[in-house]
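S.K.: Dropping in protein_36.pdb, with PDB, C-alpha atoms.
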```
ATOM      1  CA  MET S   1       0.000   0.000   0.000
ATOM      2  CA  ALA S   2       1.431   3.363  -1.024
ATOM      3  CA  ALA S   3       2.091   5.823   1.762
ATOM      4  CA  LEU S   4      -0.236   8.809   1.741
ATOM      5  CA  ARG S   5       1.195  12.219   2.555
ATOM      6  CA  VAL S   6      -1.501  14.687   3.513
ATOM      7  CA  PRO S   7      -0.568  18.310   2.758
ATOM      8  CA  PRO S   8       0.249  20.056   6.051
ATOM      9  CA  VAL S   9      -0.979  23.527   6.933
ATOM     10  CA  ARG S  10       2.388  24.844   8.116
ATOM     11  CA  LEU S  11       4.637  26.569   5.606
ATOM     12  CA  SER S  12       8.060  25.018   5.173
ATOM     13  CA  GLY S  13      10.637  25.408   2.455
ATOM     14  CA  THR S  14       9.271  28.842   1.527
ATOM     15  CA  LEU S  15      11.254  30.531  -1.226
ATOM     16  CA  SER S  16      11.336  33.945   0.412
ATOM     17  CA  THR S  17      14.359  35.341  -1.427
ATOM     18  CA  VAL S  18      13.451  34.311  -4.964
ATOM     19  CA  PRO S  19      11.035  36.336  -7.118
ATOM     20  CA  GLU S  20       7.937  34.334  -7.977
ATOM     21  CA  GLN S  21       6.163  34.002 -11.301
ATOM     22  CA  SER S  22       2.910  35.946 -11.243
ATOM     23  CA  ASP S  23       1.012  32.631 -11.127
ATOM     24  CA  GLY S  24       3.293  31.041  -8.520
ATOM     25  CA  LEU S  25       5.155  28.764 -10.930
ATOM     26  CA  LEU S  26       8.759  27.862 -10.246
ATOM     27  CA  GLY S  27      11.454  29.483 -12.370
ATOM     28  CA  PRO S  28      15.115  28.466 -12.772
ATOM     29  CA  ALA S  29      16.305  30.364  -9.691
ATOM     30  CA  ALA S  30      13.549  28.917  -7.520
ATOM     31  CA  ILE S  31      14.300  25.398  -8.719
ATOM     32  CA  ARG S  32      17.988  25.754  -7.854
ATOM     33  CA  GLU S  33      17.236  27.248  -4.449
ATOM     34  CA  LEU S  34      14.872  24.427  -3.589
ATOM     35  CA  ALA S  35      17.431  21.854  -4.708
ATOM     36  CA  GLN S  36      20.057  23.561  -2.555
ATOM     37  CA  GLN S  37      17.751  23.560   0.466
ATOM     38  CA  LEU S  38      17.177  19.831   0.010
ATOM     39  CA  ASP S  39      20.848  19.120  -0.766
ATOM     40  CA  LEU S  40      19.502  17.525  -3.926
ATOM     41  CA  ARG S  41      21.780  16.333  -6.685
ATOM     42  CA  PRO S  42      19.639  15.086  -9.575
ATOM     43  CA  THR S  43      20.420  11.498 -10.528
ATOM     44  CA  LYS S  44      20.158   9.691 -13.843
ATOM     45  CA  THR S  45      19.036   6.596 -11.974
ATOM     46  CA  LEU S  46      15.758   8.287 -11.016
ATOM     47  CA  GLY S  47      15.552  10.204 -14.282
ATOM     48  CA  GLN S  48      15.582  13.552 -12.490
ATOM     49  CA  ASN S  49      15.453  16.386 -15.013
ATOM     50  CA  PHE S  50      13.243  19.123 -13.583
ATOM     51  CA  LEU S  51      11.159  21.496 -15.693
ATOM     52  CA  HIS S  52      11.759  25.137 -14.843
ATOM     53  CA  ASP S  53      10.218  27.099 -17.708
ATOM     54  CA  ALA S  54       6.832  28.637 -16.910
ATOM     55  CA  ASN S  55       5.795  28.926 -20.554
ATOM     56  CA  THR S  56       6.445  25.213 -21.079
ATOM     57  CA  ILE S  57       4.394  24.378 -17.991
ATOM     58  CA  ARG S  58       1.500  26.494 -19.243
ATOM     59  CA  ARG S  59       1.756  24.869 -22.659
ATOM     60  CA  ILE S  60       1.639  21.358 -21.165
ATOM     61  CA  VAL S  61      -1.378  22.197 -19.007
ATOM     62  CA  ARG S  62      -3.134  23.791 -21.991
ATOM     63  CA  THR S  63      -2.374  20.804 -24.237
ATOM     64  CA  ALA S  64      -3.680  18.380 -21.595
ATOM     65  CA  ASP S  65      -7.110  19.994 -22.114
ATOM     66  CA  LEU S  66      -8.220  19.437 -18.536
ATOM     67  CA  THR S  67     -11.601  20.316 -17.085
ATOM     68  CA  GLU S  68     -12.360  21.598 -13.614
ATOM     69  CA  ASP S  69     -13.724  18.138 -12.746
ATOM     70  CA  ASP S  70     -10.620  16.172 -13.743
ATOM     71  CA  VAL S  71      -8.573  14.278 -11.181
ATOM     72  CA  VAL S  72      -4.996  14.285 -12.442
ATOM     73  CA  LEU S  73      -2.357  11.667 -11.733
ATOM     74  CA  GLU S  74       1.166  13.071 -11.922
ATOM     75  CA  VAL S  75       4.147  10.708 -11.808
ATOM     76  CA  GLY S  76       7.515  12.093 -10.766
ATOM     77  CA  PRO S  77       6.454  15.607  -9.700
ATOM     78  CA  GLY S  78      10.001  16.360  -8.586
ATOM     79  CA  LEU S  79      10.259  19.887  -7.193
ATOM     80  CA  GLY S  80       6.687  20.742  -8.145
ATOM     81  CA  SER S  81       6.965  22.847 -11.306
ATOM     82  CA  LEU S  82       4.263  21.014 -13.249
ATOM     83  CA  THR S  83       2.244  20.284 -10.111
ATOM     84  CA  LEU S  84       1.692  23.976  -9.491
ATOM     85  CA  GLY S  85       0.445  24.441 -13.021
ATOM     86  CA  LEU S  86      -1.901  21.474 -12.839
ATOM     87  CA  LEU S  87      -3.507  22.365  -9.509
ATOM     88  CA  GLY S  88      -5.158  25.465 -10.945
ATOM     89  CA  ALA S  89      -6.623  23.566 -13.893
ATOM     90  CA  CYS S  90      -8.396  20.600 -12.293
ATOM     91  CA  ALA S  91     -10.222  19.369  -9.207
ATOM     92  CA  HIS S  92      -7.377  17.383  -7.660
ATOM     93  CA  VAL S  93      -3.818  16.173  -8.282
ATOM     94  CA  THR S  94      -2.461  12.903  -6.954
ATOM     95  CA  ALA S  95       1.324  13.033  -7.261
ATOM     96  CA  VAL S  96       3.369   9.830  -7.049
ATOM     97  CA  GLU S  97       7.004  10.489  -6.122
ATOM     98  CA  ILE S  98       9.662   7.854  -5.421
ATOM     99  CA  ASP S  99      12.171  10.203  -3.732
ATOM    100  CA  PRO S 100      11.105  10.730  -0.087
ATOM    101  CA  ARG S 101      12.797  14.136   0.147
ATOM    102  CA  LEU S 102      10.864  15.429  -2.826
ATOM    103  CA  ALA S 103       7.626  13.840  -1.638
ATOM    104  CA  ASP S 104       8.006  15.483   1.778
ATOM    105  CA  GLN S 105       8.796  18.891   0.295
ATOM    106  CA  LEU S 106       6.076  19.072  -2.350
ATOM    107  CA  PRO S 107       3.139  19.916  -0.029
ATOM    108  CA  HIS S 108       5.224  22.688   1.577
ATOM    109  CA  THR S 109       6.104  24.157  -1.823
ATOM    110  CA  VAL S 110       2.450  24.201  -2.859
ATOM    111  CA  ALA S 111       1.387  25.698   0.478
ATOM    112  CA  ALA S 112       3.949  28.466   0.059
ATOM    113  CA  ARG S 113       3.345  29.161  -3.615
ATOM    114  CA  ALA S 114      -0.396  28.512  -3.985
ATOM    115  CA  PRO S 115      -1.948  28.154  -0.508
ATOM    116  CA  GLN S 116      -5.469  28.396  -1.911
ATOM    117  CA  LEU S 117      -4.812  25.187  -3.906
ATOM    118  CA  ALA S 118      -3.022  23.140  -1.228
ATOM    119  CA  GLY S 119      -6.159  21.176  -0.400
ATOM    120  CA  ARG S 120      -6.292  19.805  -3.933
ATOM    121  CA  LEU S 121      -3.016  17.900  -3.594
ATOM    122  CA  THR S 122      -2.321  14.372  -2.402
ATOM    123  CA  VAL S 123       1.272  13.108  -2.462
ATOM    124  CA  VAL S 124       2.023   9.396  -2.499
ATOM    125  CA  THR S 125       5.570   8.236  -1.786
ATOM    126  CA  ALA S 126       5.951   5.198  -4.012
ATOM    127  CA  ASP S 127       7.496   3.692  -7.118
ATOM    128  CA  ALA S 128       4.931   4.212  -9.876
ATOM    129  CA  LEU S 129       5.902   0.868 -11.415
ATOM    130  CA  ARG S 130       4.847  -0.912  -8.233
ATOM    131  CA  VAL S 131       1.717   1.052  -7.349
ATOM    132  CA  THR S 132      -1.338  -1.212  -7.111
ATOM    133  CA  GLU S 133      -3.855   1.282  -5.712
ATOM    134  CA  LEU S 134      -4.169   4.999  -5.104
ATOM    135  CA  PRO S 135      -5.954   6.973  -2.392
ATOM    136  CA  GLY S 136      -8.777   9.345  -3.128
ATOM    137  CA  PRO S 137     -10.973   9.695  -6.201
ATOM    138  CA  PRO S 138     -10.001   7.666  -9.296
ATOM    139  CA  PRO S 139      -7.779   9.696 -11.624
ATOM    140  CA  THR S 140      -9.255  10.685 -14.965
ATOM    141  CA  ALA S 141      -6.104  12.084 -16.596
ATOM    142  CA  LEU S 142      -2.399  11.311 -16.452
ATOM    143  CA  VAL S 143      -0.140  14.339 -16.965
ATOM    144  CA  ALA S 144       3.518  13.778 -16.212
ATOM    145  CA  ASN S 145       7.140  14.430 -17.035
ATOM    146  CA  LEU S 146       7.962  10.732 -16.890
ATOM    147  CA  PRO S 147      11.417   9.456 -15.907
ATOM    148  CA  TYR S 148      12.872   8.649 -19.307
ATOM    149  CA  ASN S 149      14.467   5.331 -18.380
ATOM    150  CA  ILE S 150      11.120   3.773 -17.363
ATOM    151  CA  ALA S 151       8.595   5.877 -19.286
ATOM    152  CA  VAL S 152       6.996   3.123 -21.377
ATOM    153  CA  PRO S 153       6.640   0.534 -18.571
ATOM    154  CA  VAL S 154       5.142   3.171 -16.265
ATOM    155  CA  LEU S 155       2.686   4.367 -18.894
ATOM    156  CA  LEU S 156       1.508   0.861 -19.795
ATOM    157  CA  HIS S 157       1.254  -0.156 -16.132
ATOM    158  CA  LEU S 158      -0.931   2.827 -15.261
ATOM    159  CA  LEU S 159      -3.176   2.438 -18.300
ATOM    160  CA  GLU S 160      -3.823  -1.165 -17.298
ATOM    161  CA  LEU S 161      -4.163  -0.457 -13.575
ATOM    162  CA  LEU S 162      -6.462   2.556 -13.894
ATOM    163  CA  PRO S 163      -9.334   2.144 -16.348
ATOM    164  CA  SER S 164     -10.648   5.465 -15.035
ATOM    165  CA  LEU S 165      -7.897   7.264 -16.995
ATOM    166  CA  ARG S 166      -9.611   8.834 -19.990
ATOM    167  CA  SER S 167      -6.610  10.728 -21.286
ATOM    168  CA  ALA S 168      -2.879  11.147 -20.834
ATOM    169  CA  LEU S 169      -0.253  13.682 -21.805
ATOM    170  CA  VAL S 170       3.282  12.558 -21.060
ATOM    171  CA  LEU S 171       6.649  14.171 -21.614
ATOM    172  CA  VAL S 172       9.208  11.572 -22.662
ATOM    173  CA  GLN S 173      12.400  11.208 -24.650
ATOM    174  CA  ALA S 174      11.714  12.255 -28.257
ATOM    175  CA  GLU S 175      12.695   8.852 -29.625
ATOM    176  CA  VAL S 176      10.246   7.179 -27.240
ATOM    177  CA  ALA S 177       7.551   9.670 -28.199
ATOM    178  CA  ASP S 178       8.050   8.729 -31.837
ATOM    179  CA  ARG S 179       7.773   5.034 -31.007
ATOM    180  CA  LEU S 180       4.635   5.428 -28.917
ATOM    181  CA  ALA S 181       2.837   7.381 -31.632
ATOM    182  CA  ALA S 182       4.139   5.421 -34.642
ATOM    183  CA  ALA S 183       1.705   3.914 -37.125
ATOM    184  CA  PRO S 184       1.959   0.374 -38.566
ATOM    185  CA  GLY S 185       4.569   0.168 -41.304
ATOM    186  CA  SER S 186       6.580   3.176 -40.152
ATOM    187  CA  PRO S 187      10.251   2.801 -39.105
ATOM    188  CA  ALA S 188       9.550   3.675 -35.440
ATOM    189  CA  TYR S 189       6.673   1.206 -35.087
ATOM    190  CA  GLY S 190       7.336  -1.490 -32.510
ATOM    191  CA  VAL S 191       6.296  -2.976 -29.182
ATOM    192  CA  PRO S 192       5.562   0.370 -27.447
ATOM    193  CA  SER S 193       3.450   1.512 -30.404
ATOM    194  CA  VAL S 194       1.262  -1.601 -30.485
ATOM    195  CA  LYS S 195       0.827  -1.941 -26.739
ATOM    196  CA  ALA S 196      -0.075   1.715 -26.279
ATOM    197  CA  ALA S 197      -2.583   1.361 -29.127
ATOM    198  CA  TRP S 198      -4.308  -1.423 -27.171
ATOM    199  CA  TYR S 199      -5.506   1.236 -24.728
ATOM    200  CA  ALA S 200      -5.767   4.471 -26.637
ATOM    201  CA  ASP S 201      -5.441   6.568 -29.736
ATOM    202  CA  VAL S 202      -1.923   7.994 -29.552
ATOM    203  CA  ARG S 203      -0.446  11.079 -31.216
ATOM    204  CA  ARG S 204       2.608  13.291 -31.000
ATOM    205  CA  ALA S 205       1.702  16.580 -29.308
ATOM    206  CA  GLY S 206       4.872  18.591 -29.897
ATOM    207  CA  ASN S 207       8.534  18.904 -28.994
ATOM    208  CA  VAL S 208      10.083  20.324 -25.820
ATOM    209  CA  PRO S 209      13.541  21.953 -26.012
ATOM    210  CA  ARG S 210      16.408  20.809 -23.794
ATOM    211  CA  PRO S 211      17.085  24.158 -22.043
ATOM    212  CA  VAL S 212      13.735  24.107 -20.172
ATOM    213  CA  PHE S 213      15.092  21.336 -17.911
ATOM    214  CA  TRP S 214      17.565  21.366 -15.053
ATOM    215  CA  PRO S 215      19.933  19.699 -15.414
ATOM    216  CA  VAL S 216      19.828  19.952 -19.203
ATOM    217  CA  PRO S 217      19.340  16.421 -20.625
ATOM    218  CA  ASN S 218      21.514  15.107 -23.424
ATOM    219  CA  VAL S 219      18.476  13.913 -25.409
ATOM    220  CA  ASP S 220      15.556  15.675 -27.066
ATOM    221  CA  SER S 221      12.087  15.480 -25.520
ATOM    222  CA  GLY S 222       8.553  15.242 -26.850
ATOM    223  CA  LEU S 223       4.940  15.250 -25.741
ATOM    224  CA  VAL S 224       2.626  12.320 -26.416
ATOM    225  CA  ALA S 225      -1.146  12.590 -26.058
ATOM    226  CA  LEU S 226      -3.349   9.550 -25.525
ATOM    227  CA  ARG S 227      -7.142   9.323 -25.599
ATOM    228  CA  ARG S 228      -8.676   6.166 -24.139
ATOM    229  CA  ARG S 229     -10.856   4.062 -26.408
ATOM    230  CA  PRO S 230     -12.257   0.530 -26.137
ATOM    231  CA  ALA S 231      -9.642  -2.203 -26.459
ATOM    232  CA  PRO S 232      -9.821  -4.547 -29.461
ATOM    233  CA  PRO S 233     -11.757  -7.792 -29.002
ATOM    234  CA  GLY S 234      -9.541 -10.383 -27.373
ATOM    235  CA  ASP S 235      -7.321 -11.075 -24.395
ATOM    236  CA  ARG S 236      -4.703  -8.461 -23.518
ATOM    237  CA  ALA S 237      -2.098 -10.837 -22.056
ATOM    238  CA  ALA S 238      -2.354 -13.237 -24.995
ATOM    239  CA  THR S 239      -2.126 -10.377 -27.480
ATOM    240  CA  PHE S 240       0.901  -8.867 -25.754
ATOM    241  CA  ALA S 241       2.639 -12.266 -25.838
ATOM    242  CA  VAL S 242       2.215 -12.371 -29.632
ATOM    243  CA  ILE S 243       3.462  -8.785 -29.939
ATOM    244  CA  ASP S 244       6.588  -9.561 -27.921
ATOM    245  CA  ALA S 245       7.316 -12.638 -30.033
ATOM    246  CA  ALA S 246       6.727 -10.831 -33.319
ATOM    247  CA  PHE S 247       9.176  -8.043 -32.539
ATOM    248  CA  ALA S 248      11.837 -10.155 -30.830
ATOM    249  CA  THR S 249      13.257 -10.833 -34.303
ATOM    250  CA  ARG S 250      11.620  -8.060 -36.289
ATOM    251  CA  ARG S 251      13.660  -8.659 -39.450
ATOM    252  CA  LYS S 252      12.015 -12.048 -39.888
ATOM    253  CA  GLY S 253       8.641 -12.773 -41.419
ATOM    254  CA  LEU S 254       5.945 -13.767 -38.929
ATOM    255  CA  ARG S 255       6.101 -17.459 -39.887
ATOM    256  CA  ALA S 256       9.652 -17.610 -38.528
ATOM    257  CA  ALA S 257       9.290 -14.987 -35.809
ATOM    258  CA  LEU S 258       6.280 -16.717 -34.240
ATOM    259  CA  ALA S 259       7.596 -20.272 -34.486
ATOM    260  CA  GLY S 260       8.453 -20.409 -30.796
ATOM    261  CA  TRP S 261       5.148 -18.852 -29.771
ATOM    262  CA  ALA S 262       3.069 -21.212 -31.928
ATOM    263  CA  GLY S 263       5.218 -24.328 -31.411
ATOM    264  CA  SER S 264       6.758 -24.578 -34.875
ATOM    265  CA  PRO S 265       7.005 -22.619 -38.133
ATOM    266  CA  ALA S 266       4.242 -24.757 -39.634
ATOM    267  CA  ALA S 267       1.950 -24.127 -36.674
ATOM    268  CA  ALA S 268       2.664 -20.400 -36.876
ATOM    269  CA  GLU S 269       1.822 -20.397 -40.594
ATOM    270  CA  ALA S 270      -1.428 -22.228 -39.973
ATOM    271  CA  ARG S 271      -2.540 -19.751 -37.329
ATOM    272  CA  LEU S 272      -1.518 -16.775 -39.437
ATOM    273  CA  ARG S 273      -3.476 -18.034 -42.441
ATOM    274  CA  ALA S 274      -6.490 -18.790 -40.237
ATOM    275  CA  ALA S 275      -6.345 -15.193 -39.003
ATOM    276  CA  GLY S 276      -6.163 -13.872 -42.567
ATOM    277  CA  ILE S 277      -2.539 -12.719 -42.295
ATOM    278  CA  ASP S 278       0.191 -13.396 -44.867
ATOM    279  CA  PRO S 279       2.864 -15.561 -43.118
ATOM    280  CA  THR S 280       5.649 -13.645 -44.883
ATOM    281  CA  THR S 281       4.501 -10.328 -43.412
ATOM    282  CA  ARG S 282       6.642  -8.772 -40.698
ATOM    283  CA  GLY S 283       5.217  -7.762 -37.346
ATOM    284  CA  GLU S 284       5.774  -4.078 -38.064
ATOM    285  CA  ARG S 285       2.960  -4.219 -40.642
ATOM    286  CA  LEU S 286       0.224  -5.408 -38.265
ATOM    287  CA  SER S 287      -2.164  -3.213 -36.314
ATOM    288  CA  VAL S 288      -3.073  -3.978 -32.711
ATOM    289  CA  THR S 289      -6.448  -5.300 -33.917
ATOM    290  CA  GLU S 290      -4.702  -7.802 -36.191
ATOM    291  CA  PHE S 291      -2.422  -8.907 -33.364
ATOM    292  CA  ALA S 292      -5.475  -9.417 -31.154
ATOM    293  CA  ARG S 293      -7.214 -11.446 -33.856
ATOM    294  CA  LEU S 294      -4.133 -13.605 -34.320
ATOM    295  CA  ALA S 295      -3.836 -14.224 -30.568
ATOM    296  CA  ALA S 296      -7.458 -15.394 -30.497
ATOM    297  CA  THR S 297      -7.085 -17.711 -33.503
ATOM    298  CA  PRO S 298      -6.686 -21.387 -32.493
TER     299      PRO S 298
END
```
Can the structure in the file be given as C-alpha cells, please?
M.R.:
Amino acid sequence: MAALRVPPVRLSGTLSTVPEQSDGLLGPAAIRELAQQLDLRPTKTLGQNFLHDANTIRRIVRTADLTEDDVVLEVGPGLGSLTLGLLGACAHVTAVEIDPRLADQLPHTVAARAPQLAGRLTVVTADALRVTELPGPPPTALVANLPYNIAVPVLLHLLELLPSLRSALVLVQAEVADRLAAAPGSPAYGVPSVKAAWYADVRRAGNVPRPVFWPVPNVDSGLVALRRRPAPPGDRAATFAVIDAAFATRRKGLRAALAGWAGSPAAAEARLRAAGIDPTTRGERLSVTEFARLAATP
C-alpha cells in the first residue's frame, strides 16, 4: 500500500528570497534554491530532469485539455513545477514520487506558492511501477514528465491499472515519443506503439527543447497525447505475448518470428493463415487489432 502524505498547513521550504512568477510557478532560480535547500543532486538513476520554464508548464497544461472536474495523476512531480500548473486547472492532483525528500517537500512548496490550492493535492511516496492502488478519487487524466528510463513501462502499467484514466499527456524522450505514436509500417513502429494502441489513440503533441530542464538532458524530448478508447476484441495478455514474439526478431517474417510462440514454423503459418494474415509479413505491418485477432485464432 502506497504511503499517503496529507498536505500540512504549516509553511516550510518557503522561497522567500526568490522572485515568484505571477502565477506562482517555479522558475530556474527557484528550482535551484529548492534543490540547494534539500541538498539535492539530480540522478540519472531516477531520471531527475526538472522542468523550470513557466511557458512550457503552461503549454503542457493547456495541451492536456483538462476540465475543472478532472482528477490528475502526476508521476515524478520532482520539485513541483508542473504540479503547481496542474492544480489550478483541475479538481485534484495525486502526485506519485519515489524520492522521499521530494515527496516530503512538495506539499510545503504548494502551500507556500499557492496556498489556496493546497487542499487539492495528495502526495504518495511510491514507485509508480509498483503502485497497485491509489488513495482518493479515481484519476481521470495522467499528466507527467515521466522518468525517461522507465517511461513506457510506467505508462503501460498505469493504463492497465487505472481504467478510469480517460486521457494522458506525457513528456518523454523524443525517440520514445516517436515510437509510442508510430503507425503500422513506419520505421519507429514497434512494441511500445502496439501496446499503447491497445488502450488508446496515440499522437505526438509537440517537442520540448532541452534548455527548459535542469539539469539539461543530453536527449531531445517530446509530448505524447493519448485518448482512451475501447480495447480490441480479445485477451490483452495473450495479445501482448504475440506482440513480444513478433518483434523479438523483427527482421524475420511472422512465420519464422512466431515459431516459438506457436510451437513450430508450420503451426505459426497455420494460425496466421487462419487469421487472414500473410505468413511472410513482418510484425511491423500489423495493427493492434490484427495482433489481437491472431492471438485469439486457435
S.K.: Between atom CA of S:Pro211 and atom CA of S:Asp53, what is the distance, to one decimal in Å?
M.R.: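 The value is 8.6 Å.
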S.K.: Can you translate the PyMOL selection byres ((chain S and resi 70-80) around 6) into the concrete residues it hits in this file, as a PyMOL selection string?
M.R.: chain S and resi 67-69+81-83+90-97+102+139-144
S.K.: Counting only C-alpha atoms, what is within 8 Å of stretch 264-271 of chain S, bar same-chain residues fewer than 4 positions away, as a PyMOL selection string?
M.R.: chain S and resi 254-256+258-260+275+279+294+297-298
S.K.: Please evaluate the PyMOL selection byres ((chain S and resi 166) around 7) against the structure above and give the resulting residues as a PyMOL selection string.
M.R.: chain S and resi 140-141+164-165+167+227-228
S.K.: As a PDB file with C-alpha atoms, keeping the file's coordinate frame, please: the residues near S:Leu25 (cut-off 7 Å, all atoms listed in the file, same-chain neighbours under 5 positions excluded).
M.R.:
```
ATOM      1  CA  GLU S  20       7.937  34.334  -7.977  1.00  0.00           C
ATOM      2  CA  ALA S  54       6.832  28.637 -16.910  1.00  0.00           C
ATOM      3  CA  SER S  81       6.965  22.847 -11.306  1.00  0.00           C
ATOM      4  CA  LEU S  84       1.692  23.976  -9.491  1.00  0.00           C
ATOM      5  CA  GLY S  85       0.445  24.441 -13.021  1.00  0.00           C
TER       6      GLY S  85
END
```
S.K.: Rounded to one decimal in Å, what is the spacing between atom CA of S:Asp201 and atom CA of S:Leu226?
M.R.: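 Going from atom CA of S:Asp201 over to atom CA of S:Leu226 covers 5.6 Å.
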S.K.: Since I can't run it myself right now, could you work out what the PyMOL selection byres ((chain S and resi 34) around 10) selects here and report it as a VMD selection string?
M.R.: chain S and resid 13 to 15 26 29 to 33 35 to 40 79 102 105 109
S.K.: Skip stretch 188-196 of chain S itself and residues of its chain fewer than 4 positions away, then list as an NGL selection string all residues within 9 Å of it, counting only C-alpha atoms.
M.R.: :S and (152-153 or 155-156 or 159 or 175-176 or 178-184 or 200-202 or 226 or 239-240 or 243-244 or 246-247 or 250 or 283-288 or 291)
S.K.: Report, in Å to a single decimal, how far apart atom CA of S:Pro137 and atom CA of S:Pro232 are.
M.R.: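 Atom CA of S:Pro137 lies 27.3 Å from atom CA of S:Pro232.
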S.K.: Please list as a list in words every residue within 9 Å of S:Pro28, counting only C-alpha atoms and excluding residues in the same chain fewer than 6 positions away.
M.R.: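 Within the cut-off, the hits are Leu51, His52, Asp53, Val212, Phe213 and Trp214 of chain S.
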S.K.: Do a neighbour search on S:Val172 at 7 Å with only C-alpha atoms, toss out local chain neighbours closer than 2 positions, and write the hits as number ranges by chain.
M.R.: S: 145-146, 148, 151, 170, 174, 176-177, 221-223
S.K.: Looking at all atoms listed in the file, which of S:Leu272, S:Ala237, S:Leu87, S:Ile277 is the one that sits closest to S:Gln116?
M.R.: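 For S:Gln116, the nearest of the candidates is S:Leu87.
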